[in-house]
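Engineer: Structure in C-alpha cells, see below.
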Amino acid sequence: MTTEALSSLPVGVEDRKTRLFAGFMRYLPLFILAALWELGSRSGLVSTLALPALSTVIVSWFDLLLPSNPFTGGGALAWIGWALSGDLVVNGADSLWRLCAGLGLAIGIGTILGIAMAWYRPFEVFINPIVQVFYPMPKSALIPVTVLWLGFGHASKILLIFIGCMLPVTLSAYNGARGTEQALVWSARSMGASRRRTLFEVVLPSALPELLNGIRTALALSFILMVSSELIVARSGLGYMIGWLGDGGVYDAMFAVVLTVAALGFAADRGYLMLMKRILSWRE
Amino acid sequence: MARMTGNSARTVGVLPGLEETGLSRLVEAGKRLFLAWFSVVLVLVAWETFARSGAVTTFLLPPFTMVVERVWADAASGDLVINLGRTLYRALFGFTVASCVGITIGILMARNAAFRWFFDPIVSVGFPMPKIGFLPIFMLWFGLYDTSKIALIIFDASFPVITATYAATLGVERYTIWSARMLGSGERNLLWEIILPAAFPGIMTGLQIALPISLIIAIVTEMIMGGPGLGGAMIAASRFADSPGVFAGILEIAVAGYFVVRGMAYLRRRLLVWHQEAEEPTTV
C-alpha cells in the first residue's frame, strides 16, 4: 500500500483492519480443520455415527441451550427463569458453581498456607513434607471417597476440586514468598516497618507473580477434576451430560457439550491470562 | 555426559576439620529422613487413632492399618501386580508416544514457518482445554479397551511436551547455531548435536509435566470404563461399598504417583548433570 493511500485513511481503521486480517490468518488452520470435519462427515468418508457433521453439532448445541419446554407464563421475571431453563444452561451453571466454590476455597486457603510456610519456620518443617508427599498424587483417585463422604451432589465435587487445586496454589505461594529478596525485607524492617506490614507490602507483592502462575495451573486442574468427577458419579453438570448423552447415543449433542466444556476451559484460561497481565502491570 | 559423576560436588559441603566418618554420615542421613517424614507419619497416626476412636464408622474411614492389610492382601493374591502393571503400561506407553510426537511437532514448529503457522493456533487453543471431556468420543472411536485409553493419554500428554519443546528450541542461542553452521555442520548434525542437547532442559521440564498427566488420565479412564487397572479396581470396590478396597486403591495410586514423579526428578538430575538447571524442582 502506498503512503498516499495510507494517509487518506484514519489511522485507527487501517490498524484494526490489518489486525483483523492477522488474527484471521493466525486462526485459519482452525477453520481449515473445521471445514475438513464438515466435509469428511458430509461426504460419507467418515460415518456420521462416529463423527456427526459440525453443522449438526452446532444445531444441537442451540437445541440444548434453548429451553425445551414451551413458555407457560407467569410473573414478569418468569421469562428469565424460562430462558435459562435449557439443559446446557442448568447443567453448566451447576458445573461452574462447583468449580468456582472449590477453586475459590483452594486459592484462599492455599495462599494462606503457602505464605505461612514461608513466614514461620516451624510451620514449614511440619507442613512442607506433607505437601511434598501429596503433591504428586493423582487427585482424581479421591473421587470415590469424596462421594462416599459427601454424596452425589455439589459438596463432593467442591471438596475434590478444593483438594486438587490447593496444593499447586500452596506450593507456588510458598516458592514465591521464599524467593523474596532478603535485602528488601531487611530494608523494610530497618526503616521501621512492622513484621505485619513487611508481610503485606513486601513479601506478598513479590510472591504475586509466582502465586498467579500457580493459580493458573489450579484453574486448569479444576476443569479436569470437575469434568472427570461428573463423568464418574453425578446427577447434574456438564460432565454428567456428556456421559448421559454418550450412553444414549445422541452423539451430535454429546459433541456439542464436549466442545462447550473445551471452549469454557479455553476461555477461562485466556481470561485469567488477561487478568494476570493487568494485575502484574506494575512490574514492567 | 552422565559419566561425569557428581561425587566431587557432594563432598564440598563437609566442614573442614569435621571428619566424614561413617557414623556422622549415618546420623546426618537419619536426621534428614526424620525431618522429611515425621509429619507424614504423624498424619498417618492421627488417621489411625481417629478411625479407631469410634467417631466414624470404618465404612467412612477405615483405619490405616486395615488399608495396609488390604494392600498386602492384594499384593499376595497377585491382583496388585496385574492392576498396577496395567495402569503403568497404559500410562508409560501413552507417555512415550506423546513424548515422541510432542518433541517432533515442537521442533518442527520452531524450525519451520509453515508448520508453526498451522500448529500454533491448534496448540494454543488445545492446551488449556480440559481434554478429559473428550473421553466419550474416544470411547466411540476406539472402543473400551486399551486403545481408547492410550489414545486419550497421547492426546492429553502431547500438549505440554509440544509447548515446552517449542519454547526450548526457540530459546537456543542463535550464535551457537551460527557457529555450528560456520564450522560446516549440516542440518541433521545441527539438530542432533546442537539443538536437541541445548533444548533438552526445557524439553525435560515438559516431560516432567506430561508424565503425571499420563498417570492421571490412565486412572480416570479406568475409573470410567472399568476393567483391570488401579482406577478400575477402585471404582469396582466403591460399587460394592468396600471402603478398605477404595482406600487401598488411593494408597496404591498415591505411592505410584510419588515414585513416578520422583523417578522423573532423579532422571533429570542424572541426564542433566552438565547443566545448571539439573536440580530444578518439579513444579507443574
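Letters A, B, ... go to the chains of the C-alpha cells in the order shown; residues in each chain start at 1; ligands are counted from 1 in the same order.
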For a quick test of understanding: name the residues of chain A lying within 8 Å of chain B when counting only C-alpha atoms, and present them as a ChimeraX atom specification.

Structural biologist: /A:26-27,29-30,50,125-127,129-130,133-134,136-142,144-145,148-149,168,217,220,223-224,227-228,231-232,239,242-243,246,255,258,261-266,269

Engineer: With only C-alpha atoms as the counted atoms, please give the residues lying no more than 9 Å from Ala98 (chain B), apart from itself and same-chain residues fewer than 2 positions off, as a list in words.

Structural biologist: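 Selected residues are Phe93, Gly94, Phe95, Thr96, Cys100, Val101, Gly102, Ile103, Ile153, Ile154, Phe155, Asp156, Ala157, Ser158, Phe159, Val161 and Ala210 of chain B.
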
Engineer: Output N, CA and C atoms for every residue in that selection, as a PDB file, in the first residue's frame.

Structural biologist:
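selection_16.pdb, written as the output of this step:
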```pdb
ATOM      1  N   PHE B  93       3.165 -46.201  28.071  1.00  0.00           N
ATOM      2  CA  PHE B  93       3.077 -46.346  26.616  1.00  0.00           C
ATOM      3  C   PHE B  93       2.574 -45.034  26.002  1.00  0.00           C
ATOM      4  N   GLY B  94       1.492 -44.505  26.577  1.00  0.00           N
ATOM      5  CA  GLY B  94       0.953 -43.242  26.079  1.00  0.00           C
ATOM      6  C   GLY B  94       1.958 -42.116  26.221  1.00  0.00           C
ATOM      7  N   PHE B  95       2.634 -42.098  27.354  1.00  0.00           N
ATOM      8  CA  PHE B  95       3.622 -41.048  27.603  1.00  0.00           C
ATOM      9  C   PHE B  95       4.755 -41.106  26.583  1.00  0.00           C
ATOM     10  N   THR B  96       5.230 -42.319  26.289  1.00  0.00           N
ATOM     11  CA  THR B  96       6.338 -42.454  25.341  1.00  0.00           C
ATOM     12  C   THR B  96       5.934 -41.948  23.953  1.00  0.00           C
ATOM     13  N   CYS B 100       7.433 -38.592  21.917  1.00  0.00           N
ATOM     14  CA  CYS B 100       7.997 -38.591  20.557  1.00  0.00           C
ATOM     15  C   CYS B 100       7.225 -37.621  19.665  1.00  0.00           C
ATOM     16  N   VAL B 101       5.890 -37.733  19.699  1.00  0.00           N
ATOM     17  CA  VAL B 101       5.065 -36.855  18.864  1.00  0.00           C
ATOM     18  C   VAL B 101       5.292 -35.396  19.257  1.00  0.00           C
ATOM     19  N   GLY B 102       5.268 -35.149  20.575  1.00  0.00           N
ATOM     20  CA  GLY B 102       5.382 -33.778  21.064  1.00  0.00           C
ATOM     21  C   GLY B 102       6.709 -33.144  20.714  1.00  0.00           C
ATOM     22  N   ILE B 103       7.797 -33.896  20.899  1.00  0.00           N
ATOM     23  CA  ILE B 103       9.120 -33.338  20.609  1.00  0.00           C
ATOM     24  C   ILE B 103       9.238 -33.058  19.116  1.00  0.00           C
ATOM     25  N   ILE B 153      -4.507 -40.592  26.425  1.00  0.00           N
ATOM     26  CA  ILE B 153      -3.275 -40.199  27.110  1.00  0.00           C
ATOM     27  C   ILE B 153      -2.346 -39.488  26.137  1.00  0.00           C
ATOM     28  N   ILE B 154      -2.220 -40.065  24.926  1.00  0.00           N
ATOM     29  CA  ILE B 154      -1.335 -39.438  23.935  1.00  0.00           C
ATOM     30  C   ILE B 154      -1.839 -38.037  23.613  1.00  0.00           C
ATOM     31  N   PHE B 155      -3.153 -37.920  23.400  1.00  0.00           N
ATOM     32  CA  PHE B 155      -3.754 -36.636  23.047  1.00  0.00           C
ATOM     33  C   PHE B 155      -3.510 -35.604  24.143  1.00  0.00           C
ATOM     34  N   ASP B 156      -3.662 -36.030  25.393  1.00  0.00           N
ATOM     35  CA  ASP B 156      -3.569 -35.085  26.503  1.00  0.00           C
ATOM     36  C   ASP B 156      -2.126 -34.747  26.841  1.00  0.00           C
ATOM     37  N   ALA B 157      -1.237 -35.758  26.825  1.00  0.00           N
ATOM     38  CA  ALA B 157       0.128 -35.541  27.291  1.00  0.00           C
ATOM     39  C   ALA B 157       1.012 -34.885  26.227  1.00  0.00           C
ATOM     40  N   SER B 158       0.563 -34.870  24.963  1.00  0.00           N
ATOM     41  CA  SER B 158       1.426 -34.274  23.925  1.00  0.00           C
ATOM     42  C   SER B 158       1.551 -32.763  24.099  1.00  0.00           C
ATOM     43  N   PHE B 159       0.450 -32.126  24.545  1.00  0.00           N
ATOM     44  CA  PHE B 159       0.451 -30.661  24.550  1.00  0.00           C
ATOM     45  C   PHE B 159       1.558 -30.032  25.400  1.00  0.00           C
ATOM     46  N   VAL B 161       4.362 -31.293  26.155  1.00  0.00           N
ATOM     47  CA  VAL B 161       5.652 -31.591  25.520  1.00  0.00           C
ATOM     48  C   VAL B 161       5.856 -30.659  24.320  1.00  0.00           C
ATOM     49  N   ALA B 210       4.247 -33.889  31.631  1.00  0.00           N
ATOM     50  CA  ALA B 210       3.420 -34.833  30.867  1.00  0.00           C
ATOM     51  C   ALA B 210       3.256 -36.173  31.584  1.00  0.00           C
TER      52      ALA B 210
END
```

Engineer: Using only C-alpha atoms, which residue out of A:Ile80, A:Leu219, A:Arg42, A:Ala106 lies closest to Ala267 (chain A)?

Structural biologist: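 Using only C-alpha atoms, Ala267 (chain A) sits closest to A:Leu219.
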
Engineer: Grab the CA of His154 (chain A) to CA of Leu221 (chain A) distance for me, in Å with one decimal place.

Structural biologist: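 Distance reported for this atom pair: 17.5 Å.
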
Engineer: Rounded to one decimal place, report the CA of Met276 (chain A)-CA of Glu210 (chain A) distance in Å.

Structural biologist: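 Straight-line distance from CA of Met276 (chain A) to CA of Glu210 (chain A) works out to 10.9 Å.
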
Engineer: Among region 7-251 of chain A, which ones does DSSP assign to helix (DSSP H, G or I) (computed from the backbone)? Answer as an MDAnalysis selection string.

Structural biologist: chainID A and resid 7:8 11:42 54:65 78:83 87:119 121:134 139:150 154:178 182:190 195:232 238:247 251

Engineer: Contacts of Leu44 (chain B) at 10 Å or less, counting only C-alpha atoms, minus same-chain residues fewer than 6 places along, as a list in words?

Structural biologist: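 So the residues in contact are Phe38, Phe50, Pro63, Phe64 and Thr65 of chain B.
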
Engineer: Export C-alpha atoms of the chosen residues as a PDB file, in the first residue's frame?

Structural biologist:
```pdb
ATOM      1  CA  PHE B  38       7.901 -37.244  60.678  1.00  0.00           C
ATOM      2  CA  PHE B  50      -9.305 -41.078  64.653  1.00  0.00           C
ATOM      3  CA  PRO B  63      -8.064 -47.330  59.851  1.00  0.00           C
ATOM      4  CA  PHE B  64      -4.727 -47.014  58.088  1.00  0.00           C
ATOM      5  CA  THR B  65      -3.548 -50.451  59.244  1.00  0.00           C
TER       6      THR B  65
END
```
